[in-house]
file target-v2.cif (mmCIF, C-alpha atoms, pLDDT in the B column; chains and numbers go by the auth columns)
data_work
#
loop_
_atom_site.group_PDB
_atom_site.id
_atom_site.type_symbol
_atom_site.label_atom_id
_atom_site.label_comp_id
_atom_site.label_asym_id
_atom_site.label_seq_id
_atom_site.Cartn_x
_atom_site.Cartn_y
_atom_site.Cartn_z
_atom_site.B_iso_or_equiv
_atom_site.auth_seq_id
_atom_site.auth_asym_id
ATOM 1 C CA MET A 1 -2.055 23.319 -6.313 45.00 1 A
ATOM 2 C CA ASP A 2 -2.994 23.364 -2.637 45.00 2 A
ATOM 3 C CA THR A 3 -0.455 21.657 -0.397 41.00 3 A
ATOM 4 C CA HIS A 4 -2.947 20.736 2.336 45.00 4 A
ATOM 5 C CA ARG A 5 -4.432 17.267 2.391 49.00 5 A
ATOM 6 C CA ARG A 6 -8.024 17.003 1.263 53.00 6 A
ATOM 7 C CA ARG A 7 -10.350 14.195 2.268 51.00 7 A
ATOM 8 C CA ILE A 8 -12.374 11.894 0.087 53.00 8 A
ATOM 9 C CA HIS A 9 -15.274 10.384 1.946 52.00 9 A
ATOM 10 C CA SER A 10 -18.320 8.473 0.952 47.00 10 A
ATOM 11 C CA GLY A 11 -21.277 8.242 3.261 51.00 11 A
ATOM 12 C CA LYS A 12 -25.022 8.442 3.360 49.00 12 A
ATOM 13 C CA GLY A 13 -26.331 11.194 1.156 51.00 13 A
ATOM 14 C CA SER A 14 -23.034 11.665 -0.671 49.00 14 A
ATOM 15 C CA ILE A 15 -21.875 10.606 -4.097 60.00 15 A
ATOM 16 C CA ASN A 16 -19.887 7.402 -4.356 86.00 16 A
ATOM 17 C CA LEU A 17 -16.127 7.182 -4.028 87.00 17 A
ATOM 18 C CA VAL A 18 -15.522 6.831 -7.776 92.00 18 A
ATOM 19 C CA GLU A 19 -17.526 9.969 -8.523 93.00 19 A
ATOM 20 C CA GLU A 20 -15.816 11.867 -5.699 91.00 20 A
ATOM 21 C CA LEU A 21 -12.405 11.022 -7.162 95.00 21 A
ATOM 22 C CA ARG A 22 -13.568 11.984 -10.640 96.00 22 A
ATOM 23 C CA GLN A 23 -14.840 15.322 -9.322 95.00 23 A
ATOM 24 C CA ALA A 24 -11.636 15.919 -7.341 95.00 24 A
ATOM 25 C CA ILE A 25 -9.592 15.503 -10.528 96.00 25 A
ATOM 26 C CA LEU A 26 -11.878 17.782 -12.521 96.00 26 A
ATOM 27 C CA ASN A 27 -11.934 20.414 -9.749 96.00 27 A
ATOM 28 C CA SER A 28 -8.185 20.293 -9.096 96.00 28 A
ATOM 29 C CA GLY A 29 -7.375 23.120 -11.488 95.00 29 A
ATOM 30 C CA GLU A 30 -4.824 20.823 -13.151 96.00 30 A
ATOM 31 C CA THR A 31 -5.038 19.629 -16.726 97.00 31 A
ATOM 32 C CA GLU A 32 -5.844 15.999 -17.330 96.00 32 A
ATOM 33 C CA TYR A 33 -2.424 15.625 -18.955 97.00 33 A
ATOM 34 C CA ARG A 34 -0.603 17.075 -15.938 98.00 34 A
ATOM 35 C CA VAL A 35 -2.486 14.896 -13.431 98.00 35 A
ATOM 36 C CA ALA A 36 -1.680 11.822 -15.522 98.00 36 A
ATOM 37 C CA LYS A 37 1.979 12.713 -16.053 98.00 37 A
ATOM 38 C CA GLU A 38 2.731 13.788 -12.475 97.00 38 A
ATOM 39 C CA SER A 39 0.893 10.851 -10.923 97.00 39 A
ATOM 40 C CA GLY A 40 2.461 8.265 -13.212 98.00 40 A
ATOM 41 C CA VAL A 41 -0.829 7.187 -14.755 98.00 41 A
ATOM 42 C CA ALA A 42 -1.185 6.738 -18.504 98.00 42 A
ATOM 43 C CA GLN A 43 -3.159 9.658 -19.917 97.00 43 A
ATOM 44 C CA PRO A 44 -5.542 7.471 -21.978 97.00 44 A
ATOM 45 C CA ILE A 45 -6.497 5.540 -18.826 97.00 45 A
ATOM 46 C CA LEU A 46 -7.223 8.747 -16.916 97.00 46 A
ATOM 47 C CA ASN A 47 -9.130 10.146 -19.901 97.00 47 A
ATOM 48 C CA ARG A 48 -11.391 7.097 -20.147 97.00 48 A
ATOM 49 C CA PHE A 49 -11.975 7.209 -16.377 97.00 49 A
ATOM 50 C CA LEU A 50 -12.966 10.873 -16.529 96.00 50 A
ATOM 51 C CA ARG A 51 -15.317 10.211 -19.448 96.00 51 A
ATOM 52 C CA GLU A 52 -16.900 7.372 -17.420 95.00 52 A
ATOM 53 C CA GLU A 53 -15.905 4.805 -20.052 96.00 53 A
ATOM 54 C CA ARG A 54 -13.963 2.611 -17.601 95.00 54 A
ATOM 55 C CA GLY A 55 -12.974 2.277 -13.991 94.00 55 A
ATOM 56 C CA ILE A 56 -9.460 2.369 -12.587 95.00 56 A
ATOM 57 C CA SER A 57 -7.616 0.040 -10.259 94.00 57 A
ATOM 58 C CA LEU A 58 -7.052 0.868 -6.607 92.00 58 A
ATOM 59 C CA GLU A 59 -3.346 1.254 -7.392 95.00 59 A
ATOM 60 C CA THR A 60 -4.119 3.820 -10.081 96.00 60 A
ATOM 61 C CA ALA A 61 -6.550 5.653 -7.798 95.00 61 A
ATOM 62 C CA ALA A 62 -3.875 5.712 -5.074 94.00 62 A
ATOM 63 C CA LYS A 63 -1.370 7.315 -7.459 96.00 63 A
ATOM 64 C CA VAL A 64 -3.850 10.018 -8.442 97.00 64 A
ATOM 65 C CA CYS A 65 -4.867 10.610 -4.826 95.00 65 A
ATOM 66 C CA LYS A 66 -1.242 10.928 -3.746 95.00 66 A
ATOM 67 C CA TYR A 67 -0.549 13.518 -6.443 96.00 67 A
ATOM 68 C CA LEU A 68 -3.670 15.519 -5.563 96.00 68 A
ATOM 69 C CA GLY A 69 -3.006 15.292 -1.810 95.00 69 A
ATOM 70 C CA LEU A 70 -6.158 13.275 -1.164 92.00 70 A
ATOM 71 C CA HIS A 71 -6.693 10.515 1.382 87.00 71 A
ATOM 72 C CA LEU A 72 -9.605 8.335 2.403 78.00 72 A
ATOM 73 C CA ALA A 73 -11.390 9.267 5.593 78.00 73 A
ATOM 74 C CA PRO A 74 -14.493 7.975 7.342 77.00 74 A
ATOM 75 C CA ALA A 75 -17.652 9.897 6.583 72.00 75 A
ATOM 76 C CA ARG A 76 -18.873 12.038 9.459 72.00 76 A
ATOM 77 C CA HIS A 77 -22.446 11.256 10.432 63.00 77 A
#
call {"tool": "encode", "arguments": {"input": "target-v2.cif", "output": "structure tokens"}}
result
Amino acid sequence: MDTHRRRIHSGKGSINLVEELRQAILNSGETEYRVAKESGVAQPILNRFLREERGISLETAAKVCKYLGLHLAPARH
């Protein structure tokens, strides 16, 4: 996994924050199981989030973001 910090941003013309996080997980090159295990999130919760069956709490999103090296940043206009 890359060690540099990647940004998640949501602005005009971009997909929403939830979808950006979902795509970041899917594009991470990590298995769903590994992301869940290493981030401390229950795998069924992450699975349902990825299948768009449920949302996740901010605390859960923060755990996943920390593992993936993501942080929120203002959108550049």
call {"tool": "resolve_selection", "arguments": {"input": "target-v2.cif", "expression": "the PyMOL selection byres ((chain A and resi 64) around 10)", "output": "count of residues only"}}
result
23
call {"tool": "atom_distance", "arguments": {"input": "target-v2.cif", "atom1": "atom CA of His71 of chain A", "atom2": "atom CA of Arg51 of chain A"}}
result
22.5 Å
call {"tool": "atom_distance", "arguments": {"input": "target-v2.cif", "atom1": "atom CA of Arg76 of chain A", "atom2": "atom CA of Gly29 of chain A"}}
result
26.3 Å
call {"tool": "atom_distance", "arguments": {"input": "target-v2.cif", "atom1": "atom CA of Glu19 of chain A", "atom2": "atom CA of Ser57 of chain A"}}
result
14.1 Å
call {"tool": "closest_residue", "arguments": {"input": "target-v2.cif", "among": "A:Leu50, A:Asn16, A:Tyr33, A:Ile56", "to": "Ala75 of chain A", "atoms": "all atoms listed in the file"}}
result
A:Asn16
call {"tool": "residues_around", "arguments": {"input": "target-v2.cif", "residues": "Asn47 of chain A", "least_positions_apart": "5", "cutoff": "10 Å", "atoms": "all atoms listed in the file", "output": "ChimeraX atom specification"}}
result
/A:32-33,36,42,52-54
call {"tool": "write_last_selection", "arguments": {"input": "target-v2.cif", "atoms": "C-alpha atoms", "output": "JSON list (two decimals), in the coordinates of the input"}}
result
[["chain", "number", "residue", "atom", "x", "y", "z"],
["A", 32, "GLU", "CA", -5.84, 16.00, -17.33],
["A", 33, "TYR", "CA", -2.42, 15.62, -18.95],
["A", 36, "ALA", "CA", -1.68, 11.82, -15.52],
["A", 42, "ALA", "CA", -1.18, 6.74, -18.50],
["A", 52, "GLU", "CA", -16.90, 7.37, -17.42],
["A", 53, "GLU", "CA", -15.90, 4.80, -20.05],
["A", 54, "ARG", "CA", -13.96, 2.61, -17.60]]
call {"tool": "closest_residue", "arguments": {"input": "target-v2.cif", "among": "A:Leu17, A:Gln23, A:Phe49, A:Ser28", "to": "Ala73 of chain A", "atoms": "only C-alpha atoms"}}
result
A:Leu17
